[in-house]
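Shown below: start.cif, with mmCIF, C-alpha atoms.
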data_upload
#
loop_
_atom_site.label_atom_id
_atom_site.label_comp_id
_atom_site.auth_asym_id
_atom_site.auth_seq_id
_atom_site.Cartn_x
_atom_site.Cartn_y
_atom_site.Cartn_z
CA MET B 1 2.50 -2.18 -6.01
CA ARG B 2 0.76 -5.46 -6.16
CA ASP B 3 0.43 -8.68 -8.31
CA ARG B 4 -1.15 -7.04 -11.32
CA GLY B 5 -2.42 -9.87 -13.43
CA THR B 6 -5.31 -9.52 -15.82
CA GLY B 7 -7.91 -7.82 -13.74
CA GLY B 8 -6.63 -9.10 -10.39
CA SER B 9 -5.99 -6.98 -7.33
CA ARG B 10 -2.38 -5.35 -7.57
CA ARG B 11 0.03 -2.44 -8.32
CA ALA B 12 0.65 -3.61 -7.61
CA ARG B 13 1.27 -1.10 -7.20
CA GLY B 14 0.97 -6.42 -6.89
CA PRO B 15 2.25 -6.93 -8.83
CA GLY B 16 -0.28 -7.26 -6.03
CA ARG B 17 0.38 -8.74 -4.23
CA GLY B 18 9.45 -17.98 3.24
CA ARG B 19 11.55 -17.44 6.21
CA PRO B 20 14.64 -19.02 7.62
CA GLY B 21 14.26 -21.66 10.28
CA PRO B 22 11.71 -24.37 10.94
CA ALA B 23 8.61 -22.16 10.66
CA PRO B 24 5.90 -23.30 8.24
CA ASN B 25 6.24 -22.19 4.64
CA PRO B 26 5.28 -18.48 4.78
CA LEU B 27 4.87 -18.11 1.04
CA SER B 28 2.18 -20.75 0.66
CA PRO B 29 -0.75 -18.30 0.18
CA LEU B 30 -1.15 -17.67 -3.52
CA PRO B 31 -1.77 -14.03 -4.42
CA THR B 32 -4.89 -12.60 -5.91
CA ARG B 33 -2.93 -9.52 -7.14
CA SER B 34 0.89 -7.36 -6.25
CA ALA B 35 4.07 5.29 -6.46
CA VAL B 36 3.30 8.24 -5.90
CA ARG B 37 3.21 9.86 -2.48
CA ALA B 38 0.69 12.57 -1.67
CA LEU B 39 1.37 16.07 -2.95
CA SER B 40 -0.30 17.85 -0.07
CA CYS B 41 -2.74 17.37 2.80
CA LEU B 42 -6.08 18.70 1.65
CA ALA B 43 -9.52 18.62 3.23
CA LEU B 44 -12.33 17.02 1.24
CA THR B 45 -15.56 19.00 0.99
CA LEU B 46 -18.33 16.70 -0.18
CA ALA B 47 -22.01 16.38 0.69
CA LEU B 48 -21.36 12.95 2.19
CA THR B 49 -21.48 11.36 5.61
CA LEU B 50 -18.19 9.50 5.80
CA THR B 51 -16.60 6.92 8.03
CA GLY B 52 -14.11 8.22 10.57
CA CYS B 53 -10.68 6.63 10.69
CA THR B 54 -8.88 5.19 13.66
CA GLY B 55 -5.47 5.43 15.15
CA ALA B 56 -3.88 2.09 15.80
CA PRO B 57 -5.29 -0.02 17.24
CA HIS B 58 -8.55 1.88 17.82
CA ARG B 59 -11.66 1.19 15.77
CA ALA B 60 -13.52 3.55 13.50
CA ALA B 61 -16.96 4.90 14.29
CA PRO B 62 -19.55 2.17 13.60
CA LYS B 63 -20.98 3.85 10.53
CA ASN B 64 -20.39 2.77 6.98
CA SER B 65 -19.21 5.25 4.40
CA ALA B 66 -22.06 6.92 2.55
CA THR B 67 -22.41 6.52 -1.17
CA ALA B 68 -22.36 9.63 -3.30
CA THR B 69 -25.37 10.06 -5.55
CA MET B 70 -23.72 10.22 -8.93
CA ALA B 71 -24.60 9.22 -12.44
CA ALA B 72 -23.25 5.96 -13.74
CA ARG B 73 -19.80 6.30 -15.20
CA SER B 74 -19.45 7.43 -18.76
CA PRO B 75 -17.64 5.30 -21.32
CA GLN B 76 -14.76 7.77 -21.21
CA ALA B 77 -14.05 8.58 -17.55
CA VAL B 78 -15.08 8.34 -13.91
CA GLU B 79 -14.64 11.73 -12.25
CA LEU B 80 -13.23 11.85 -8.71
CA PRO B 81 -12.86 14.76 -6.29
CA GLY B 82 -10.36 17.35 -7.44
CA ASN B 83 -6.79 17.02 -6.16
CA SER B 84 -7.42 13.43 -5.12
CA TRP B 85 -4.37 12.13 -7.04
CA PRO B 86 -5.59 8.58 -7.77
CA ALA B 87 -2.48 6.59 -8.63
CA GLU B 88 -3.04 3.00 -7.49
CA LEU B 89 -5.89 0.69 -8.53
CA ALA B 90 -7.13 -2.71 -7.38
CA VAL B 91 -10.09 -4.83 -8.48
CA ALA B 92 -12.26 -6.83 -6.07
CA PRO B 93 -13.78 -10.19 -7.07
CA ASP B 94 -17.19 -8.55 -7.58
CA GLY B 95 -15.73 -6.12 -10.14
CA THR B 96 -15.54 -3.11 -7.83
CA VAL B 97 -12.54 -0.93 -8.63
CA TRP B 98 -10.69 0.62 -5.70
CA THR B 99 -8.32 3.55 -5.84
CA ALA B 100 -6.20 5.34 -3.26
CA GLU B 101 -6.87 9.08 -3.25
CA SER B 102 -3.50 9.88 -1.80
CA SER B 103 -3.81 13.66 -1.59
CA LEU B 104 -7.10 13.49 0.32
CA GLY B 105 -6.64 10.61 2.73
CA PHE B 106 -9.51 8.61 1.23
CA LEU B 107 -10.09 5.35 -0.59
CA ALA B 108 -12.70 5.46 -3.34
CA SER B 109 -14.62 2.51 -4.71
CA VAL B 110 -16.42 2.44 -8.04
CA SER B 111 -19.04 -0.28 -8.38
CA PRO B 112 -19.69 -1.98 -11.73
CA ASP B 113 -22.83 0.18 -12.14
CA GLY B 114 -20.91 3.41 -11.53
CA ARG B 115 -21.68 4.20 -7.88
CA ILE B 116 -18.77 5.98 -6.20
CA THR B 117 -18.20 5.63 -2.45
CA GLN B 118 -15.67 7.73 -0.54
CA HIS B 119 -14.09 6.02 2.48
CA ARG B 120 -12.42 8.51 4.78
CA LEU B 121 -9.14 7.48 6.38
CA ALA B 122 -8.59 10.41 8.75
CA ASP B 123 -9.86 11.52 12.14
CA ALA B 124 -8.76 14.00 14.76
CA LEU B 125 -5.67 11.92 15.49
CA HIS B 126 -4.51 11.80 11.89
CA ALA B 127 -6.13 14.83 10.26
CA PRO B 128 -6.15 16.04 7.66
CA SER B 129 -4.70 13.16 5.67
CA LEU B 130 -3.04 9.77 5.88
CA ASP B 131 -1.75 9.87 2.31
CA PRO B 132 -2.59 6.28 1.27
CA THR B 133 -0.54 5.14 -1.68
CA TYR B 134 -0.49 1.36 -2.22
CA LEU B 135 -3.49 -0.93 -1.80
CA ALA B 136 -4.59 -4.53 -2.29
CA VAL B 137 -7.91 -6.37 -1.99
CA ALA B 138 -7.73 -9.48 0.20
CA SER B 139 -9.76 -12.62 -0.40
CA ASP B 140 -12.19 -11.77 2.42
CA GLY B 141 -13.08 -8.45 0.74
CA SER B 142 -10.95 -6.30 3.03
CA VAL B 143 -9.00 -3.52 1.36
CA TRP B 144 -5.51 -3.12 2.81
CA PHE B 145 -3.48 0.02 2.24
CA THR B 146 -0.18 1.55 3.25
CA CYS B 147 0.64 5.13 4.10
CA PRO B 148 3.56 6.77 5.92
CA ASN B 149 4.12 4.91 9.21
CA HIS B 150 0.89 2.90 9.03
CA VAL B 151 -0.69 -0.19 7.51
CA GLY B 152 -4.48 0.07 7.32
CA ARG B 153 -7.46 -2.18 6.67
CA LEU B 154 -10.91 -1.21 5.43
CA ALA B 155 -13.23 -4.08 6.36
CA PRO B 156 -16.24 -5.08 4.24
CA ASP B 157 -18.53 -3.49 6.86
CA GLY B 158 -16.81 -0.12 6.39
CA LYS B 159 -14.71 -0.10 9.56
CA VAL B 160 -11.21 1.27 9.21
CA SER B 161 -8.30 0.16 11.38
CA LEU B 162 -4.73 1.39 11.45
CA PHE B 163 -1.78 -0.62 12.68
CA ASP B 164 1.66 0.50 13.76
CA GLY B 165 3.89 -0.20 16.74
CA PRO B 166 4.46 -3.93 17.25
CA VAL B 167 2.75 -4.88 14.01
CA MET B 168 5.20 -2.89 11.95
CA GLY B 169 8.94 -3.10 11.98
CA PRO B 170 11.48 -0.43 11.02
CA GLY B 171 10.82 1.72 8.00
CA SER B 172 7.65 3.09 6.49
CA PRO B 173 5.47 0.53 4.64
CA ASP B 174 5.33 0.73 0.87
CA ALA B 175 4.15 -1.82 -1.72
CA ILE B 176 1.56 -4.38 -0.61
CA THR B 177 0.04 -7.52 -2.13
CA ALA B 178 -2.67 -9.92 -0.92
CA GLY B 179 -2.83 -13.68 -0.52
CA ALA B 180 -5.70 -16.08 -1.06
CA ASP B 181 -6.08 -16.73 2.69
CA GLY B 182 -6.84 -13.12 3.61
CA SER B 183 -3.26 -12.34 4.60
CA VAL B 184 -1.10 -9.64 3.03
CA TRP B 185 2.57 -9.01 2.41
CA TYR B 186 4.09 -5.55 2.42
CA GLY B 187 7.56 -4.15 2.03
CA SER B 188 9.31 -1.51 4.09
CA ALA B 189 12.78 -0.05 4.07
CA SER B 190 14.91 2.50 5.85
CA VAL B 191 18.52 3.56 5.53
CA ASP B 192 19.41 0.72 7.89
CA ALA B 193 17.16 -2.19 6.97
CA SER B 194 14.83 -3.60 4.35
CA GLN B 195 12.21 -6.28 4.96
CA LEU B 196 9.09 -8.02 3.76
CA THR B 197 6.33 -8.53 6.32
CA HIS B 198 3.65 -11.23 6.23
CA LEU B 199 0.58 -10.00 8.12
CA THR B 200 -2.34 -12.35 8.81
CA PRO B 201 -5.95 -11.20 9.37
CA SER B 202 -5.38 -11.77 13.10
CA LEU B 203 -2.39 -9.37 12.90
CA SER B 204 0.29 -11.99 13.41
CA ALA B 205 3.38 -10.58 11.71
CA THR B 206 6.43 -12.43 10.38
CA ARG B 207 9.31 -10.55 8.79
CA VAL B 208 11.85 -11.55 6.17
CA PRO B 209 15.01 -9.40 5.96
CA VAL B 210 16.18 -8.74 2.41
CA PRO B 211 19.42 -7.22 1.13
CA LEU B 212 19.28 -3.44 0.97
CA ALA B 213 20.28 -1.56 -2.15
CA PRO B 214 22.44 1.49 -1.41
CA PHE B 215 20.27 4.50 -0.61
CA ALA B 216 17.10 2.62 -1.59
CA PRO B 217 14.53 3.14 1.17
CA HIS B 218 11.46 2.43 -0.98
CA VAL B 219 10.04 -1.01 -1.79
CA THR B 220 8.13 -0.03 -4.91
CA SER B 221 6.50 -3.31 -5.90
CA LEU B 222 5.65 -6.80 -4.65
CA THR B 223 4.33 -9.72 -6.67
CA PHE B 224 4.30 -13.51 -6.60
CA GLY B 225 6.08 -15.17 -9.49
CA PRO B 226 6.84 -18.68 -10.77
CA GLY B 227 7.38 -21.28 -8.06
CA GLY B 228 5.62 -19.22 -5.40
CA ARG B 229 8.54 -16.84 -5.02
CA LEU B 230 7.74 -13.40 -3.66
CA TRP B 231 9.43 -10.85 -5.90
CA PHE B 232 10.20 -7.29 -4.86
CA ALA B 233 11.69 -4.12 -6.31
CA GLU B 234 13.55 -1.40 -4.45
CA SER B 235 14.37 2.02 -5.85
CA PRO B 236 16.87 4.55 -4.52
CA ILE B 237 16.48 8.20 -3.66
CA THR B 238 19.76 8.96 -5.42
CA ASP B 239 21.21 8.02 -8.79
CA GLN B 240 22.27 4.62 -7.46
CA PRO B 241 20.98 1.47 -9.24
CA SER B 242 17.60 0.00 -8.41
CA GLU B 243 17.37 -3.67 -7.48
CA ILE B 244 14.98 -6.54 -8.11
CA GLY B 245 14.94 -9.78 -6.17
CA TYR B 246 12.86 -12.52 -4.65
CA VAL B 247 12.48 -14.56 -1.49
CA ASP B 248 11.95 -18.25 -2.20
CA THR B 249 9.68 -20.59 -0.26
CA GLY B 250 12.56 -21.48 2.04
CA GLY B 251 13.12 -17.86 3.05
CA HIS B 252 16.28 -17.37 0.98
CA PRO B 253 16.65 -14.03 -0.83
CA LYS B 254 18.25 -13.47 -4.21
CA VAL B 255 18.87 -9.96 -5.52
CA TRP B 256 20.08 -8.37 -8.75
CA LEU B 257 21.18 -4.77 -9.18
CA LEU B 258 19.84 -3.28 -12.38
CA PRO B 259 22.21 -1.71 -14.90
CA THR B 260 23.19 1.84 -14.02
CA ALA B 261 21.37 3.04 -17.14
CA ALA B 262 18.09 1.75 -15.69
CA THR B 263 15.94 4.20 -13.80
CA PRO B 264 13.78 3.63 -10.68
CA VAL B 265 11.42 0.68 -10.92
CA GLY B 266 7.68 1.18 -10.62
CA SER B 267 5.50 -1.90 -10.97
CA LEU B 268 6.79 -5.47 -11.21
CA VAL B 269 4.52 -8.28 -12.46
CA PRO B 270 4.78 -11.81 -13.87
CA GLY B 271 4.36 -12.14 -17.61
CA PRO B 272 2.96 -14.94 -19.77
CA ASP B 273 6.48 -16.00 -20.75
CA GLY B 274 7.59 -16.97 -17.24
CA ALA B 275 9.64 -13.79 -16.80
CA LEU B 276 8.96 -10.76 -14.61
CA TRP B 277 8.22 -7.45 -16.33
CA PHE B 278 8.69 -4.03 -14.76
CA SER B 279 8.33 -0.34 -15.52
CA GLU B 280 11.25 2.06 -15.56
CA THR B 281 10.91 5.80 -15.98
CA ASN B 282 11.30 5.69 -19.75
CA ALA B 283 11.36 1.97 -20.55
CA ILE B 284 9.89 -1.46 -19.91
CA GLY B 285 12.22 -4.00 -18.32
CA ARG B 286 12.22 -7.79 -18.19
CA ILE B 287 14.04 -10.15 -15.84
CA THR B 288 14.06 -13.94 -16.02
CA PRO B 289 13.99 -16.14 -12.90
CA SER B 290 17.73 -16.69 -13.43
CA GLY B 291 18.43 -12.95 -13.52
CA ALA B 292 18.86 -12.16 -17.24
CA ILE B 293 17.78 -8.53 -17.68
CA SER B 294 16.50 -6.79 -20.83
CA SER B 295 15.14 -3.30 -21.42
CA TYR B 296 12.85 -2.00 -24.18
CA ARG B 297 12.05 1.56 -25.11
CA THR B 298 11.06 3.94 -27.88
CA SER B 299 11.70 7.66 -28.19
CA ALA B 300 8.01 8.34 -27.54
CA MET B 301 7.96 6.60 -24.15
CA ARG B 302 8.07 9.13 -21.31
CA TYR B 303 7.29 8.55 -17.65
CA VAL B 304 6.29 4.89 -17.82
CA ARG B 305 4.26 4.28 -14.69
CA SER B 306 2.62 0.87 -14.57
CA VAL B 307 2.65 -2.46 -16.38
CA ILE B 308 0.25 -5.42 -16.22
CA ALA B 309 -0.25 -8.69 -18.08
CA GLY B 310 -3.06 -8.40 -20.63
CA PRO B 311 -5.46 -11.07 -21.87
CA ASP B 312 -3.66 -11.34 -25.22
CA HIS B 313 -0.30 -12.85 -24.20
CA ALA B 314 1.24 -9.36 -24.12
CA MET B 315 2.07 -6.73 -21.50
CA TRP B 316 0.19 -3.41 -21.27
CA PHE B 317 1.51 -0.24 -19.69
CA THR B 318 0.94 3.48 -19.24
CA THR B 319 3.14 6.45 -20.03
CA ASP B 320 2.24 9.99 -18.98
CA THR B 321 -0.36 10.40 -21.75
CA ALA B 322 -0.52 7.12 -23.65
CA VAL B 323 -1.38 3.45 -23.31
CA GLY B 324 1.22 1.00 -24.51
CA ARG B 325 1.48 -2.66 -25.46
CA ILE B 326 4.66 -4.70 -25.64
CA THR B 327 4.84 -8.25 -26.93
CA THR B 328 7.05 -10.84 -25.28
CA ALA B 329 9.37 -10.33 -28.26
CA GLY B 330 9.74 -6.64 -27.40
CA VAL B 331 7.54 -5.04 -30.09
CA ILE B 332 6.01 -1.82 -28.71
CA THR B 333 2.81 -0.04 -29.80
CA LEU B 334 1.54 3.22 -28.26
CA TRP B 335 -1.95 4.78 -28.32
CA PRO B 336 -2.24 8.41 -27.15
CA LEU B 337 -5.20 8.73 -24.78
CA PRO B 338 -7.25 11.90 -25.49
CA GLY B 339 -7.38 14.23 -22.50
CA ALA B 340 -4.76 12.33 -20.51
CA GLN B 341 -2.64 14.45 -18.20
CA GLY B 342 -0.76 12.07 -15.91
CA LEU B 343 -1.62 8.40 -16.32
CA ALA B 344 -0.66 6.00 -13.54
CA ASP B 345 -2.03 2.54 -12.77
CA LEU B 346 -4.29 0.44 -15.00
CA VAL B 347 -6.46 -2.67 -14.59
CA TYR B 348 -8.18 -4.85 -17.16
CA ASP B 349 -11.99 -5.17 -17.19
CA ALA B 350 -12.78 -8.50 -18.83
CA ARG B 351 -16.54 -7.90 -18.89
CA HIS B 352 -16.17 -4.78 -21.00
CA ARG B 353 -12.94 -5.82 -22.73
CA GLY B 354 -10.88 -2.79 -21.94
CA PHE B 355 -8.74 -1.00 -19.36
CA LEU B 356 -9.61 1.40 -16.59
CA ILE B 357 -6.71 3.77 -16.04
CA ALA B 358 -6.00 6.18 -13.18
CA ASP B 359 -5.16 9.69 -14.38
CA ALA B 360 -3.58 11.07 -11.23
CA LYS B 361 -3.15 14.64 -12.43
CA ALA B 362 -6.69 14.98 -13.82
CA ALA B 363 -8.33 13.09 -10.89
CA VAL B 364 -10.29 10.76 -13.16
CA LEU B 365 -10.36 7.08 -14.09
CA ARG B 366 -10.20 6.86 -17.87
CA TRP B 367 -11.57 4.10 -20.08
CA PHE B 368 -9.52 2.55 -22.88
CA PRO B 369 -11.17 -0.21 -24.94
CA MET B 370 -9.03 -3.06 -26.17
CA PRO B 371 -7.93 -2.17 -29.72
CA ALA B 372 -9.40 -4.35 -32.44
#
Let me see whether you can do it: turn the structure in this file into structure tokens.
Amino acid sequence: MRDRGTGGSRRARGPGRGRPGPAPNPLSPLPTRSAVRALSCLALTLALTLTGCTGAPHRAAPKNSATATMAARSPQAVELPGNSWPAELAVAPDGTVWTAESSLGFLASVSPDGRITQHRLADALHAPSLDPTYLAVASDGSVWFTCPNHVGRLAPDGKVSLFDGPVMGPGSPDAITAGADGSVWYGSASVDASQLTHLTPSLSATRVPVPLAPFAPHVTSLTFGPGGRLWFAESPITDQPSEIGYVDTGGHPKVWLLPTAATPVGSLVPGPDGALWFSETNAIGRITPSGAISSYRTSAMRYVRSVIAGPDHAMWFTTDTAVGRITTAGVITLWPLPGAQGLADLVYDARHRGFLIADAKAAVLRWFPMPA
């Protein structure tokens, strides 16, 4: 996930979105923003001419993705191709909303006037799907994404590039967040190592090792917090505790294991109170820069997926079928969202004063206006 501030690019999945030794401060770029893996590899049948994808480091065919001819989005929902499983969202500076269609191997963009463009991320080398999960919009307009064994970039001109090999280190890339200079950070983990990688637009990579939680090969969220620290969350594949930590501007990591009662962490984002807020399976968590941890829940909260900072000095989040708000004092309010089947990420649209929410199971982006 990514740095997920109010309407910034994440998920971040970054929330969206330093190193030892004498190297320059690697955390100096400020972020513009900080999941669910694909269910299956499905072919997309649309009346569109789409961009081919490349294998690293090859380039895509020099054609831009075609734009589907669709009606402007309704106030209630933006429909996407069936089985697309949109789980992660990011917002570009021009208001375009991007989503990773992880079951199809596509990225989809929805312009402010409702035009939907499908950007294919698969070719003969990687057919039928690359299963993109996390994404972030860089300051130069490029959309970066991660999928198993690859980091990818969709350039503003529509070209898609995939990077592996020397660019990537051990482990499959997970959460990603973008910096103001066009660079990105992403996390990766394996059973042997866990690291954060700083990748510049010229593909210069610098890696920061971080302590590995037991049996926790997934970096589920990245975000920049107070003091320029890069925060991260790792979740296990067993019933072991999740962990949250940061790397400071000098490259020094600090990590806290969550209480055993806590469940795997989804998104992690800075709040208006100077603390970091995160989603657990059935709760919302909070951790201060000094490591004090709190957890908030109600009996109606099930499958909490994403949390962002709202414009009202409160945090907003999704459950499986509802939108929630939690104040910095821990007061929770829930609004069931009609028709919701499996809500995931959400972003705030300041121009229309409301939230656009990915419903992964229904393959739509749902609209939720800010309550009066």
**OP:** Please write as JSON, numbers by chain the list of polymer residues whose atoms come within 10 Å of (-2.9, 8.2, -8.0), counting all atoms listed in the file and keeping to the coordinates of the file.
**Re:** {"B": [35, 36, 37, 38, 83, 84, 85, 86, 87, 88, 89, 99, 100, 101, 102, 103, 132, 133, 134, 342, 343, 344, 345, 357, 358, 359, 360, 361, 362, 363, 364, 365]}
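If you look at CA of Leu257 (chain B) and CA of His218 (chain B), they are 14.6 Å away from each other.
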Original post:
Suppose you want the space between CA of Gly141 (chain B) and CA of Ser204 (chain B); what is it in Å?
Top reply: 18.8 Å
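Once the PyMOL selection byres ((chain B and resi 333) around 12) is applied to the shown structure, the selection contains Tyr296, Arg297, Thr298, Ser299, Ala300, Met301, Ala314, Met315, Trp316, Phe317, Thr318, Thr319, Ala322, Val323, Gly324, Arg325, Ile326, Thr327, Gly330, Val331, Ile332, Leu334, Trp335, Pro336 and Pro371 of chain B.
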Assuming the chain letters and numbering stay as they are in my file, what does the PyMOL selection byres ((chain B and resi 272) around 12) actually select? List them as a JSON list (two decimals) with C-alpha atoms, keeping the file's coordinate frame.
[["chain", "number", "residue", "atom", "x", "y", "z"],
["B", 5, "GLY", "CA", -2.42, -9.87, -13.43],
["B", 6, "THR", "CA", -5.31, -9.52, -15.82],
["B", 225, "GLY", "CA", 6.08, -15.17, -9.49],
["B", 226, "PRO", "CA", 6.84, -18.68, -10.77],
["B", 269, "VAL", "CA", 4.52, -8.28, -12.46],
["B", 270, "PRO", "CA", 4.78, -11.81, -13.87],
["B", 271, "GLY", "CA", 4.36, -12.14, -17.61],
["B", 273, "ASP", "CA", 6.48, -16.00, -20.75],
["B", 274, "GLY", "CA", 7.59, -16.97, -17.24],
["B", 275, "ALA", "CA", 9.64, -13.79, -16.80],
["B", 276, "LEU", "CA", 8.96, -10.76, -14.61],
["B", 277, "TRP", "CA", 8.22, -7.45, -16.33],
["B", 286, "ARG", "CA", 12.22, -7.79, -18.19],
["B", 288, "THR", "CA", 14.06, -13.94, -16.02],
["B", 308, "ILE", "CA", 0.25, -5.42, -16.22],
["B", 309, "ALA", "CA", -0.25, -8.69, -18.08],
["B", 310, "GLY", "CA", -3.06, -8.40, -20.63],
["B", 311, "PRO", "CA", -5.46, -11.07, -21.87],
["B", 312, "ASP", "CA", -3.66, -11.34, -25.22],
["B", 313, "HIS", "CA", -0.30, -12.85, -24.20],
["B", 314, "ALA", "CA", 1.24, -9.36, -24.12],
["B", 315, "MET", "CA", 2.07, -6.73, -21.50],
["B", 316, "TRP", "CA", 0.19, -3.41, -21.27],
["B", 326, "ILE", "CA", 4.66, -4.70, -25.64],
["B", 327, "THR", "CA", 4.84, -8.25, -26.93],
["B", 328, "THR", "CA", 7.05, -10.84, -25.28],
["B", 329, "ALA", "CA", 9.37, -10.33, -28.26]]
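Atom pair CA of Tyr246 (chain B) / CA of Cys147 (chain B) has a distance of 23.2 Å (rounded to one decimal).
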Region 168-187 of chain B: axis-aligned bounding box, 3 Å on each side, centre and edge lengths in Å, one decimal, as lines of an AutoDock Vina configuration file:
center_x = 2.3
center_y = -6.8
center_z = 4.9
size_x = 24.3
size_y = 25.8
size_z = 20.1
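Considering only C-alpha atoms, the residue among B:Ala189, B:Val307, B:Leu196, B:Pro112 positioned nearest to His352 (chain B) is B:Pro112.
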Original post:
Between B:Ser139, B:Thr223, B:Ser306, B:Thr263, which is the closest to Asp239 (chain B) once you count all atoms listed in the file?
Top reply: B:Thr263
Original post:
Once the PyMOL selection byres ((chain B and resi 242) around 8) has been applied to the shown file, what residues remain in the selection, as a PyMOL selection string?
Top reply: chain B and resi 213+216+233-236+240-241+243-244+257-258+262-265
**OP:** Counting all atoms listed in the file, select every polymer residue within 7 Å of (-2.1, 12.3, -23.2) as defined in the file's coordinates, and provide the selection as a ChimeraX atom specification.
**Re:** /B:320-322,336-341
**OP:** Give me the residues within 9 Å of Val210 (chain B) as a ChimeraX atom specification, counting only C-alpha atoms and dropping any in the same chain fewer than 2 places off.
**Re:** /B:193-196,208,212,245-247,252-255
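The nearest approach to Thr197 (chain B) among the residues B:Gly251, B:Gly82, B:Asp157, B:Ala138, with only C-alpha atoms taken into account, belongs to B:Gly251.
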